[in-house]
>>> print(open('structure30.txt').read())   # compact mmCIF, C-alpha atoms
# COMPACT_ATOMS: atom_id res chain seq x y z
CA MET G 1 1.72 -8.46 -17.72
CA ASP G 2 4.47 -6.09 -18.69
CA GLU G 3 7.63 -7.77 -17.46
CA THR G 4 8.42 -4.77 -15.25
CA VAL G 5 5.12 -5.03 -13.34
CA PHE G 6 4.95 -7.48 -10.45
CA ILE G 7 1.82 -8.83 -8.75
CA GLY G 8 2.22 -10.05 -5.19
CA GLY G 9 0.05 -10.95 -2.22
CA ARG G 10 -0.51 -9.41 1.19
CA ALA G 11 0.76 -11.60 4.01
CA HIS G 12 -0.50 -11.14 7.56
CA SER G 13 1.30 -14.22 8.90
CA VAL G 14 4.20 -16.52 8.10
CA ALA G 15 1.66 -19.06 6.85
CA ASP G 16 0.48 -16.48 4.32
CA VAL G 17 4.08 -15.85 3.24
CA GLU G 18 4.61 -19.55 2.62
CA PHE G 19 1.38 -19.83 0.63
CA ILE G 20 2.29 -16.84 -1.53
CA ALA G 21 5.78 -18.15 -2.20
CA GLN G 22 4.61 -21.67 -3.04
CA ALA G 23 1.97 -20.24 -5.38
CA GLY G 24 4.75 -18.67 -7.43
CA PHE G 25 4.19 -14.99 -6.69
CA PRO G 26 7.34 -12.85 -7.00
CA PHE G 27 6.82 -11.03 -3.71
CA ALA G 28 4.86 -10.89 -0.49
CA GLU G 29 3.91 -7.67 1.27
CA ILE G 30 4.43 -8.50 4.92
CA SER G 31 2.92 -6.79 7.94
CA ILE G 32 5.63 -5.53 10.30
CA ARG G 33 4.00 -4.65 13.60
CA SER G 34 6.80 -4.81 16.17
CA PRO G 35 10.55 -5.49 16.21
CA ARG G 36 10.05 -8.42 18.57
CA GLU G 37 7.52 -10.10 16.29
CA PHE G 38 9.67 -9.38 13.24
CA HIS G 39 12.78 -10.97 14.70
CA SER G 40 10.85 -14.05 15.82
CA ASP G 41 9.87 -14.56 12.16
CA LEU G 42 13.15 -13.43 10.57
CA HIS G 43 14.78 -16.85 10.17
CA PHE G 44 11.67 -18.24 8.47
CA LEU G 45 11.33 -15.22 6.19
CA LYS G 46 14.95 -15.47 5.10
CA ARG G 47 14.60 -19.20 4.42
CA ILE G 48 11.52 -18.67 2.26
CA GLN G 49 13.28 -15.81 0.48
CA ASP G 50 16.25 -18.03 -0.34
CA GLU G 51 14.25 -21.11 -1.31
CA HIS G 52 11.70 -19.36 -3.53
CA ARG G 53 13.67 -16.33 -4.71
CA ILE G 54 10.90 -13.95 -3.67
CA PHE G 55 11.32 -10.43 -2.35
CA TYR G 56 9.41 -8.59 0.35
CA LEU G 57 7.65 -5.27 0.66
CA ALA G 58 6.49 -4.04 4.06
CA HIS G 59 3.33 -2.58 5.58
CA GLY G 60 3.62 -0.82 8.91
CA PRO G 61 1.17 -0.82 11.83
CA GLU G 62 -1.90 1.38 12.23
CA GLU G 63 -1.59 4.80 13.85
CA ASP G 64 -2.10 4.93 17.59
CA ASN G 65 -4.25 8.07 17.69
CA PRO G 66 -4.56 9.94 14.38
CA TRP G 67 -5.66 13.16 16.13
CA SER G 68 -2.76 13.40 18.60
CA PRO G 69 0.57 14.57 17.14
CA GLU G 70 2.08 14.33 20.62
CA ALA G 71 1.23 10.65 20.97
CA LEU G 72 2.33 9.96 17.41
CA ARG G 73 5.69 11.63 17.99
CA GLU G 74 6.23 9.94 21.33
CA ASN G 75 5.11 6.42 20.40
CA PHE G 76 4.39 5.90 16.72
CA LEU G 77 7.43 7.64 15.19
CA PRO G 78 10.02 5.69 17.24
CA ARG G 79 8.16 2.49 16.39
CA ILE G 80 8.22 3.27 12.66
CA LYS G 81 11.93 4.09 12.82
CA ALA G 82 12.63 0.78 14.56
CA LEU G 83 10.54 -1.10 11.99
CA LEU G 84 12.35 0.58 9.10
CA HIS G 85 15.58 -0.75 10.58
CA CYS G 86 13.98 -4.20 10.71
CA ALA G 87 12.85 -3.94 7.10
CA ALA G 88 16.41 -3.20 6.00
CA GLU G 89 17.45 -6.60 7.38
CA LEU G 90 15.42 -8.22 4.58
CA SER G 91 16.55 -5.71 1.93
CA ILE G 92 12.99 -4.37 1.75
CA SER G 93 12.86 -1.40 -0.60
CA LEU G 94 9.31 -0.10 -0.02
CA PHE G 95 7.46 0.49 3.25
CA THR G 96 3.80 1.55 3.30
CA VAL G 97 2.24 3.49 6.18
CA HIS G 98 -1.25 4.68 7.06
CA PHE G 99 -1.15 8.31 8.21
CA TRP G 100 -4.62 9.81 8.03
CA ILE G 101 -4.58 13.43 6.80
CA ASP G 102 -8.10 13.89 5.46
CA HIS G 103 -8.92 17.56 6.03
CA ARG G 104 -12.61 16.70 6.53
CA PHE G 105 -11.77 14.84 9.74
CA VAL G 106 -8.31 16.01 10.84
CA SER G 107 -7.71 19.68 11.63
CA GLU G 108 -5.23 21.77 9.65
CA ASP G 109 -2.98 22.22 12.68
CA VAL G 110 -2.84 18.48 13.31
CA VAL G 111 -2.15 17.78 9.62
CA LYS G 112 0.80 20.19 9.70
CA GLU G 113 2.28 18.45 12.74
CA LYS G 114 1.72 15.03 11.17
CA ILE G 115 3.57 16.11 8.04
CA LYS G 116 6.56 17.04 10.23
CA ILE G 117 6.45 13.53 11.68
CA LEU G 118 6.29 12.09 8.17
CA GLN G 119 9.37 14.15 7.26
CA GLU G 120 11.32 12.47 10.05
CA ALA G 121 10.07 9.02 9.11
CA SER G 122 10.94 9.60 5.46
CA ALA G 123 14.44 10.75 6.40
CA CYS G 124 14.93 7.56 8.40
CA ALA G 125 13.67 5.47 5.47
CA ARG G 126 16.11 7.27 3.18
CA GLU G 127 19.00 6.27 5.45
CA HIS G 128 18.03 2.63 4.89
CA ASP G 129 17.47 3.02 1.12
CA ILE G 130 13.76 2.41 1.63
CA MET G 131 10.95 4.26 -0.16
CA LEU G 132 8.38 5.37 2.40
CA CYS G 133 4.91 5.35 0.82
CA LEU G 134 1.80 7.02 2.20
CA GLU G 135 -1.36 4.98 1.61
CA ASN G 136 -4.67 6.71 0.91
CA LEU G 137 -7.50 6.00 3.30
CA SER G 138 -10.36 8.47 2.70
CA GLU G 139 -8.19 11.30 1.34
CA THR G 140 -8.04 12.97 -2.07
CA SER G 141 -5.06 14.45 -3.90
CA PHE G 142 -5.88 17.78 -2.22
CA ASP G 143 -5.15 16.21 1.17
CA PHE G 144 -1.89 14.63 0.01
CA ALA G 145 -0.59 17.76 -1.76
CA PRO G 146 0.95 19.43 1.34
CA ALA G 147 2.80 16.25 2.30
CA PHE G 148 4.16 15.82 -1.21
CA ALA G 149 5.20 19.48 -1.30
CA ALA G 150 7.08 19.14 2.00
CA ILE G 151 8.73 15.75 1.34
CA ALA G 152 10.35 15.44 -2.06
CA ASP G 153 10.93 11.68 -1.90
CA LEU G 154 7.67 10.61 -0.24
CA GLY G 155 5.97 7.98 -2.37
CA MET G 156 2.37 6.83 -2.52
CA THR G 157 0.69 3.47 -2.25
CA LEU G 158 -2.56 3.86 -4.16
CA ASP G 159 -5.25 1.68 -2.59
CA ILE G 160 -8.04 1.45 -5.15
CA GLY G 161 -10.39 -0.27 -2.71
CA HIS G 162 -10.07 2.56 -0.18
CA GLY G 163 -10.71 4.95 -3.06
CA GLU G 164 -14.30 3.68 -3.26
CA LEU G 165 -15.19 4.70 0.30
CA LEU G 166 -16.60 8.02 1.56
CA THR G 167 -16.93 9.34 -1.99
CA THR G 168 -19.27 9.39 -4.98
CA LYS G 169 -16.44 8.61 -7.42
CA ASN G 170 -13.44 6.42 -6.72
CA THR G 171 -10.62 8.76 -5.70
CA ALA G 172 -8.04 6.63 -7.53
CA HIS G 173 -8.91 8.60 -10.67
CA ASP G 174 -8.10 11.86 -8.85
CA PHE G 175 -4.78 10.55 -7.55
CA ILE G 176 -3.78 9.21 -10.98
CA ALA G 177 -4.62 12.56 -12.58
CA HIS G 178 -2.75 14.71 -10.05
CA CYS G 179 -0.18 12.52 -8.28
CA PHE G 180 0.86 9.87 -10.78
CA PRO G 181 4.64 10.47 -10.44
CA ARG G 182 4.35 9.71 -6.71
CA ILE G 183 2.51 6.40 -7.16
CA CYS G 184 5.09 3.69 -6.46
CA HIS G 185 2.84 0.80 -5.46
CA LEU G 186 -0.80 -0.38 -5.67
CA HIS G 187 -3.16 -2.19 -3.33
CA ILE G 188 -5.96 -3.95 -5.21
CA HIS G 189 -9.16 -5.34 -3.72
CA ASP G 190 -12.90 -4.84 -4.13
CA ASN G 191 -15.83 -3.61 -2.04
CA ARG G 192 -19.36 -2.23 -2.43
CA GLY G 193 -18.68 1.37 -1.43
CA GLY G 194 -19.81 2.84 1.87
CA ASP G 195 -18.82 5.33 4.53
CA SER G 196 -17.30 3.36 7.40
CA PRO G 197 -14.28 1.14 8.12
CA GLN G 198 -16.67 -1.82 8.16
CA ASP G 199 -17.28 -1.25 4.43
CA ASP G 200 -13.61 -1.94 3.63
CA LEU G 201 -14.50 -5.53 2.76
CA HIS G 202 -11.45 -6.66 0.76
CA LEU G 203 -13.63 -8.74 -1.55
CA PRO G 204 -12.32 -10.85 -4.45
CA LEU G 205 -11.82 -8.80 -7.59
CA GLY G 206 -15.09 -8.45 -9.49
CA ASP G 207 -17.32 -9.16 -6.47
CA GLY G 208 -17.87 -5.48 -5.67
CA VAL G 209 -18.43 -2.17 -7.43
CA VAL G 210 -14.85 -0.91 -7.82
CA ASP G 211 -14.22 -0.27 -11.53
CA ILE G 212 -10.88 -2.04 -11.51
CA ARG G 213 -10.77 -2.18 -15.30
CA ALA G 214 -11.05 1.61 -15.69
CA ILE G 215 -8.53 2.36 -12.94
CA LEU G 216 -5.95 -0.09 -14.28
CA GLY G 217 -6.59 1.29 -17.77
CA SER G 218 -5.72 4.79 -16.60
CA LEU G 219 -2.59 3.55 -14.87
CA LYS G 220 -1.46 1.57 -17.90
CA ALA G 221 -2.05 4.57 -20.17
CA GLN G 222 0.19 6.65 -17.88
CA GLY G 223 2.91 4.00 -18.09
CA TYR G 224 2.62 2.42 -14.66
CA ASN G 225 5.21 -0.37 -14.43
CA GLN G 226 5.74 -1.07 -10.74
CA THR G 227 4.34 -3.39 -8.06
CA MET G 228 0.76 -4.37 -7.20
CA THR G 229 -0.34 -6.18 -4.05
CA LEU G 230 -3.55 -8.18 -4.04
CA GLU G 231 -5.15 -7.52 -0.65
CA VAL G 232 -7.51 -10.49 -0.64
CA GLN G 233 -7.66 -13.81 1.17
CA PRO G 234 -4.87 -16.25 0.20
CA ALA G 235 -7.35 -18.58 -1.50
CA GLN G 236 -8.38 -15.71 -3.80
CA LEU G 237 -4.89 -14.64 -4.83
CA ILE G 238 -4.46 -16.75 -7.95
CA SER G 239 -7.88 -15.84 -9.36
CA GLY G 240 -7.12 -12.18 -8.61
CA LYS G 241 -3.80 -12.39 -10.42
CA ASN G 242 -5.52 -14.00 -13.41
CA PHE G 243 -8.19 -11.27 -13.35
CA ILE G 244 -5.58 -8.50 -13.55
CA GLU G 245 -3.41 -10.22 -16.14
CA HIS G 246 -6.39 -10.94 -18.38
CA ILE G 247 -7.47 -7.32 -18.67
CA TRP G 248 -3.93 -5.90 -18.72
CA HIS G 249 -2.93 -8.15 -21.61
CA GLU G 250 -5.90 -7.30 -23.82
CA PRO G 251 -4.35 -5.78 -26.98
CA THR G 252 -7.07 -3.14 -27.18
CA PHE G 253 -7.10 -2.28 -23.48
CA SER G 254 -7.44 1.52 -23.62
CA ASP G 255 -6.90 4.33 -21.17
CA THR G 256 -10.61 4.25 -20.30
CA GLY G 257 -10.32 0.65 -19.24
CA THR G 258 -12.50 -0.60 -22.07
CA SER G 259 -11.84 -2.88 -25.00
CA VAL G 260 -12.30 -1.04 -28.27
>>> encode(input="structure30.txt", output="structure tokens")
Amino acid sequence: MDETVFIGGRAHSVADVEFIAQAGFPFAEISIRSPREFHSDLHFLKRIQDEHRIFYLAHGPEEDNPWSPEALRENFLPRIKALLHCAAELSISLFTVHFWIDHRFVSEDVVKEKIKILQEASACAREHDIMLCLENLSETSFDFAPAFAAIADLGMTLDIGHGELLTTKNTAHDFIAHCFPRICHLHIHDNRGGDSPQDDLHLPLGDGVVDIRAILGSLKAQGYNQTMTLEVQPAQLISGKNFIEHIWHEPTFSDTGTSV
């Protein structure tokens, strides 16, 4: 890989963090769900960080109710602010959130209120020198455009597995074409398409229909040189890393994701 691109693994538990560190990955993307849970794990996370010289990225909790700005402002926003403070204790520089703003399913009025909440969360992240990144679920670049217009330093975590769902063409291509400067981080996993949360299978790379080669080819052609998290089971992390490195290193790997 380009030396400025880092492949890490998603960690849902401290056991996952230890596995990722011992396997030699440069970072783990940890789930931060509550301040209490975070502080119970903090000593362990710092020890692993010191022993293995890894760094951490963070993934926040799911929304409480994506259709209720009132509930999000009352419960979710304070929780995110508290978790951003936690993340700063580990010098975490990037924090990914789910915040569903697909205009097909969320009304325009609710989207506008949710963007105001995102503005406050992003301002809090800025105070801690953290990049807040919005992860795509079923959205397209059209859905993300108002948030990007309103929040100058809002980043994006491009999830190429989610891009395969509720669509006829993976939406990663749309985001790369229209939002590339905002893409700060990638989530990589496979699935077989579909139109429900149950179809978000997080399969090993190559076991589904996601055209990972073409998507990575487009990103490489644009000059992507940041982090990628493999969102697969720990036992599949090394093979996933090898999969990505093999195609990325091909001398003739073109912007269409094909060898020529």
>>> residues_around(input="structure30.txt", residues="region 198-208 of chain G", least_positions_apart="5", cutoff="10 Å", atoms="only C-alpha atoms", output="ChimeraX atom specification")
/G:161-162,164-166,188-193,213,230-233,235-237,239-241,243-244
>>> closest_residue(input="structure30.txt", among="G:Ala125, G:His173, G:Ile117, G:Met228", to="Ile215 (chain G)", atoms="all atoms listed in the file")
G:His173
>>> closest_residue(input="structure30.txt", among="G:Leu94, G:Leu132, G:Ile48, G:Ala71", to="Val110 (chain G)", atoms="all atoms listed in the file")
G:Ala71
>>> atom_distance(input="structure30.txt", atom1="CA of Ser68 (chain G)", atom2="CA of Lys81 (chain G)")
18.3 Å
>>> residues_near_point(input="structure30.txt", point="(16.2, 1.2, -0.3)", cutoff="10 Å", atoms="all atoms listed in the file", output="mmCIF file with C-alpha atoms, in the coordinates of the input")
data_model
loop_
_atom_site.group_PDB
_atom_site.id
_atom_site.type_symbol
_atom_site.label_atom_id
_atom_site.label_comp_id
_atom_site.auth_asym_id
_atom_site.auth_seq_id
_atom_site.Cartn_x
_atom_site.Cartn_y
_atom_site.Cartn_z
ATOM 1 C CA ALA G 87 12.850 -3.940 7.100
ATOM 2 C CA ALA G 88 16.410 -3.200 6.000
ATOM 3 C CA SER G 91 16.550 -5.710 1.930
ATOM 4 C CA ILE G 92 12.990 -4.370 1.750
ATOM 5 C CA SER G 93 12.860 -1.400 -0.600
ATOM 6 C CA LEU G 94 9.310 -0.100 -0.020
ATOM 7 C CA PHE G 95 7.460 0.490 3.250
ATOM 8 C CA ALA G 125 13.670 5.470 5.470
ATOM 9 C CA ARG G 126 16.110 7.270 3.180
ATOM 10 C CA GLU G 127 19.000 6.270 5.450
ATOM 11 C CA HIS G 128 18.030 2.630 4.890
ATOM 12 C CA ASP G 129 17.470 3.020 1.120
ATOM 13 C CA ILE G 130 13.760 2.410 1.630
ATOM 14 C CA MET G 131 10.950 4.260 -0.160
ATOM 15 C CA LEU G 132 8.380 5.370 2.400
#
>>> closest_residue(input="structure30.txt", among="G:Glu135, G:Glu250, G:Glu18, G:Glu29", to="Gly163 (chain G)", atoms="all atoms listed in the file")
G:Glu135
>>> closest_residue(input="structure30.txt", among="G:Ile160, G:Ala21, G:Ile183, G:Ile80", to="Ile212 (chain G)", atoms="only C-alpha atoms")
G:Ile160
>>> atom_distance(input="structure30.txt", atom1="CA of Phe142 (chain G)", atom2="CA of Arg10 (chain G)")
27.9 Å
>>> residues_around(input="structure30.txt", residues="Phe55 (chain G)", least_positions_apart="3", cutoff="12 Å", atoms="only C-alpha atoms", output="PyMOL selection string")
chain G and resi 6-9+17+20-21+24-30+45-52+58+87+90-94+227
>>> closest_residue(input="structure30.txt", among="G:Asn242, G:Ser138, G:Ser196, G:Asn225", to="Pro181 (chain G)", atoms="all atoms listed in the file")
G:Asn225
>>> closest_residue(input="structure30.txt", among="G:Arg79, G:Arg182, G:His103, G:His249", to="Leu137 (chain G)", atoms="only C-alpha atoms")
G:His103
>>> atom_distance(input="structure30.txt", atom1="CA of Ala172 (chain G)", atom2="CA of Leu84 (chain G)")
27.0 Å
>>> axis_aligned_box(input="structure30.txt", around="region 137-145 of chain G", padding_each_side="8 Å", output="lines of an AutoDock Vina configuration file")
center_x = -5.5
center_y = 11.9
center_z = -0.3
size_x = 25.8
size_y = 27.8
size_z = 23.2
>>> residues_near_point(input="structure30.txt", point="(4.5, 11.7, -8.7)", cutoff="12 Å", atoms="only C-alpha atoms", output="PDB file with C-alpha atoms, in the coordinates of the input")
ATOM      1  CA  CYS G 133       4.910   5.350   0.820  1.00  0.00           C
ATOM      2  CA  SER G 141      -5.060  14.450  -3.900  1.00  0.00           C
ATOM      3  CA  PHE G 144      -1.890  14.630   0.010  1.00  0.00           C
ATOM      4  CA  ALA G 145      -0.590  17.760  -1.760  1.00  0.00           C
ATOM      5  CA  PHE G 148       4.160  15.820  -1.210  1.00  0.00           C
ATOM      6  CA  ALA G 149       5.200  19.480  -1.300  1.00  0.00           C
ATOM      7  CA  ILE G 151       8.730  15.750   1.340  1.00  0.00           C
ATOM      8  CA  ALA G 152      10.350  15.440  -2.060  1.00  0.00           C
ATOM      9  CA  ASP G 153      10.930  11.680  -1.900  1.00  0.00           C
ATOM     10  CA  LEU G 154       7.670  10.610  -0.240  1.00  0.00           C
ATOM     11  CA  GLY G 155       5.970   7.980  -2.370  1.00  0.00           C
ATOM     12  CA  MET G 156       2.370   6.830  -2.520  1.00  0.00           C
ATOM     13  CA  THR G 157       0.690   3.470  -2.250  1.00  0.00           C
ATOM     14  CA  LEU G 158      -2.560   3.860  -4.160  1.00  0.00           C
ATOM     15  CA  PHE G 175      -4.780  10.550  -7.550  1.00  0.00           C
ATOM     16  CA  ILE G 176      -3.780   9.210 -10.980  1.00  0.00           C
ATOM     17  CA  ALA G 177      -4.620  12.560 -12.580  1.00  0.00           C
ATOM     18  CA  HIS G 178      -2.750  14.710 -10.050  1.00  0.00           C
ATOM     19  CA  CYS G 179      -0.180  12.520  -8.280  1.00  0.00           C
ATOM     20  CA  PHE G 180       0.860   9.870 -10.780  1.00  0.00           C
ATOM     21  CA  PRO G 181       4.640  10.470 -10.440  1.00  0.00           C
ATOM     22  CA  ARG G 182       4.350   9.710  -6.710  1.00  0.00           C
ATOM     23  CA  ILE G 183       2.510   6.400  -7.160  1.00  0.00           C
ATOM     24  CA  CYS G 184       5.090   3.690  -6.460  1.00  0.00           C
ATOM     25  CA  HIS G 185       2.840   0.800  -5.460  1.00  0.00           C
ATOM     26  CA  GLN G 222       0.190   6.650 -17.880  1.00  0.00           C
ATOM     27  CA  TYR G 224       2.620   2.420 -14.660  1.00  0.00           C
TER      28      TYR G 224
END
>>> decode(input="structure30.txt", residues="region 230-250 of chain G", atoms="N, CA, C and O atoms", output="PDB file, in the first residue's frame")
ATOM      1  N   LEU G 230     -11.385  -2.403   7.958  1.00  0.00           N
ATOM      2  CA  LEU G 230     -12.035  -3.638   7.547  1.00  0.00           C
ATOM      3  C   LEU G 230     -13.114  -3.966   8.571  1.00  0.00           C
ATOM      4  O   LEU G 230     -12.815  -4.190   9.754  1.00  0.00           O
ATOM      5  N   GLU G 231     -14.374  -3.975   8.140  1.00  0.00           N
ATOM      6  CA  GLU G 231     -15.481  -4.286   9.035  1.00  0.00           C
ATOM      7  C   GLU G 231     -15.930  -5.729   8.804  1.00  0.00           C
ATOM      8  O   GLU G 231     -17.025  -5.994   8.301  1.00  0.00           O
ATOM      9  N   VAL G 232     -15.045  -6.643   9.181  1.00  0.00           N
ATOM     10  CA  VAL G 232     -15.297  -8.075   9.058  1.00  0.00           C
ATOM     11  C   VAL G 232     -14.948  -8.725  10.385  1.00  0.00           C
ATOM     12  O   VAL G 232     -14.433  -8.078  11.298  1.00  0.00           O
ATOM     13  N   GLN G 233     -15.215 -10.012  10.500  1.00  0.00           N
ATOM     14  CA  GLN G 233     -14.866 -10.736  11.717  1.00  0.00           C
ATOM     15  C   GLN G 233     -13.351 -10.750  11.912  1.00  0.00           C
ATOM     16  O   GLN G 233     -12.587 -10.746  10.931  1.00  0.00           O
ATOM     17  N   PRO G 234     -12.878 -10.752  13.168  1.00  0.00           N
ATOM     18  CA  PRO G 234     -11.432 -10.727  13.405  1.00  0.00           C
ATOM     19  C   PRO G 234     -10.660 -11.796  12.630  1.00  0.00           C
ATOM     20  O   PRO G 234      -9.567 -11.521  12.102  1.00  0.00           O
ATOM     21  N   ALA G 235     -11.220 -12.987  12.511  1.00  0.00           N
ATOM     22  CA  ALA G 235     -10.521 -14.065  11.808  1.00  0.00           C
ATOM     23  C   ALA G 235     -10.352 -13.788  10.322  1.00  0.00           C
ATOM     24  O   ALA G 235      -9.533 -14.427   9.647  1.00  0.00           O
ATOM     25  N   GLN G 236     -11.119 -12.818   9.795  1.00  0.00           N
ATOM     26  CA  GLN G 236     -11.059 -12.497   8.364  1.00  0.00           C
ATOM     27  C   GLN G 236     -10.248 -11.235   8.072  1.00  0.00           C
ATOM     28  O   GLN G 236     -10.136 -10.821   6.913  1.00  0.00           O
ATOM     29  N   LEU G 237      -9.668 -10.640   9.104  1.00  0.00           N
ATOM     30  CA  LEU G 237      -8.976  -9.368   8.926  1.00  0.00           C
ATOM     31  C   LEU G 237      -7.706  -9.499   8.086  1.00  0.00           C
ATOM     32  O   LEU G 237      -7.463  -8.688   7.185  1.00  0.00           O
ATOM     33  N   ILE G 238      -6.898 -10.479   8.362  1.00  0.00           N
ATOM     34  CA  ILE G 238      -5.627 -10.598   7.650  1.00  0.00           C
ATOM     35  C   ILE G 238      -5.858 -10.904   6.176  1.00  0.00           C
ATOM     36  O   ILE G 238      -5.222 -10.306   5.294  1.00  0.00           O
ATOM     37  N   SER G 239      -6.797 -11.810   5.877  1.00  0.00           N
ATOM     38  CA  SER G 239      -7.080 -12.106   4.467  1.00  0.00           C
ATOM     39  C   SER G 239      -7.667 -10.876   3.772  1.00  0.00           C
ATOM     40  O   SER G 239      -7.383 -10.622   2.597  1.00  0.00           O
ATOM     41  N   GLY G 240      -8.463 -10.086   4.492  1.00  0.00           N
ATOM     42  CA  GLY G 240      -9.009  -8.858   3.915  1.00  0.00           C
ATOM     43  C   GLY G 240      -7.918  -7.850   3.624  1.00  0.00           C
ATOM     44  O   GLY G 240      -7.923  -7.195   2.568  1.00  0.00           O
ATOM     45  N   LYS G 241      -6.984  -7.712   4.539  1.00  0.00           N
ATOM     46  CA  LYS G 241      -5.859  -6.800   4.327  1.00  0.00           C
ATOM     47  C   LYS G 241      -5.045  -7.235   3.113  1.00  0.00           C
ATOM     48  O   LYS G 241      -4.668  -6.414   2.265  1.00  0.00           O
ATOM     49  N   ASN G 242      -4.802  -8.528   3.007  1.00  0.00           N
ATOM     50  CA  ASN G 242      -4.049  -9.048   1.853  1.00  0.00           C
ATOM     51  C   ASN G 242      -4.803  -8.802   0.548  1.00  0.00           C
ATOM     52  O   ASN G 242      -4.200  -8.492  -0.483  1.00  0.00           O
ATOM     53  N   PHE G 243      -6.119  -8.954   0.594  1.00  0.00           N
ATOM     54  CA  PHE G 243      -6.975  -8.728  -0.585  1.00  0.00           C
ATOM     55  C   PHE G 243      -6.806  -7.293  -1.079  1.00  0.00           C
ATOM     56  O   PHE G 243      -6.589  -7.050  -2.276  1.00  0.00           O
ATOM     57  N   ILE G 244      -6.912  -6.336  -0.160  1.00  0.00           N
ATOM     58  CA  ILE G 244      -6.792  -4.929  -0.544  1.00  0.00           C
ATOM     59  C   ILE G 244      -5.387  -4.610  -1.041  1.00  0.00           C
ATOM     60  O   ILE G 244      -5.206  -3.971  -2.085  1.00  0.00           O
ATOM     61  N   GLU G 245      -4.392  -5.045  -0.318  1.00  0.00           N
ATOM     62  CA  GLU G 245      -3.013  -4.729  -0.697  1.00  0.00           C
ATOM     63  C   GLU G 245      -2.653  -5.321  -2.055  1.00  0.00           C
ATOM     64  O   GLU G 245      -1.942  -4.702  -2.849  1.00  0.00           O
ATOM     65  N   HIS G 246      -3.167  -6.506  -2.333  1.00  0.00           N
ATOM     66  CA  HIS G 246      -2.847  -7.157  -3.604  1.00  0.00           C
ATOM     67  C   HIS G 246      -3.332  -6.323  -4.784  1.00  0.00           C
ATOM     68  O   HIS G 246      -2.585  -6.076  -5.738  1.00  0.00           O
ATOM     69  N   ILE G 247      -4.598  -5.866  -4.716  1.00  0.00           N
ATOM     70  CA  ILE G 247      -5.108  -5.120  -5.867  1.00  0.00           C
ATOM     71  C   ILE G 247      -4.566  -3.689  -5.890  1.00  0.00           C
ATOM     72  O   ILE G 247      -4.347  -3.128  -6.962  1.00  0.00           O
ATOM     73  N   TRP G 248      -4.322  -3.104  -4.725  1.00  0.00           N
ATOM     74  CA  TRP G 248      -3.817  -1.725  -4.684  1.00  0.00           C
ATOM     75  C   TRP G 248      -2.400  -1.633  -5.234  1.00  0.00           C
ATOM     76  O   TRP G 248      -2.008  -0.639  -5.847  1.00  0.00           O
ATOM     77  N   HIS G 249      -1.627  -2.681  -5.020  1.00  0.00           N
ATOM     78  CA  HIS G 249      -0.223  -2.686  -5.435  1.00  0.00           C
ATOM     79  C   HIS G 249      -0.018  -3.036  -6.906  1.00  0.00           C
ATOM     80  O   HIS G 249       1.089  -2.897  -7.419  1.00  0.00           O
ATOM     81  N   GLU G 250      -1.055  -3.544  -7.573  1.00  0.00           N
ATOM     82  CA  GLU G 250      -0.878  -3.926  -8.965  1.00  0.00           C
ATOM     83  C   GLU G 250      -0.399  -2.723  -9.781  1.00  0.00           C
ATOM     84  O   GLU G 250      -1.049  -1.680  -9.774  1.00  0.00           O
TER      85      GLU G 250
END
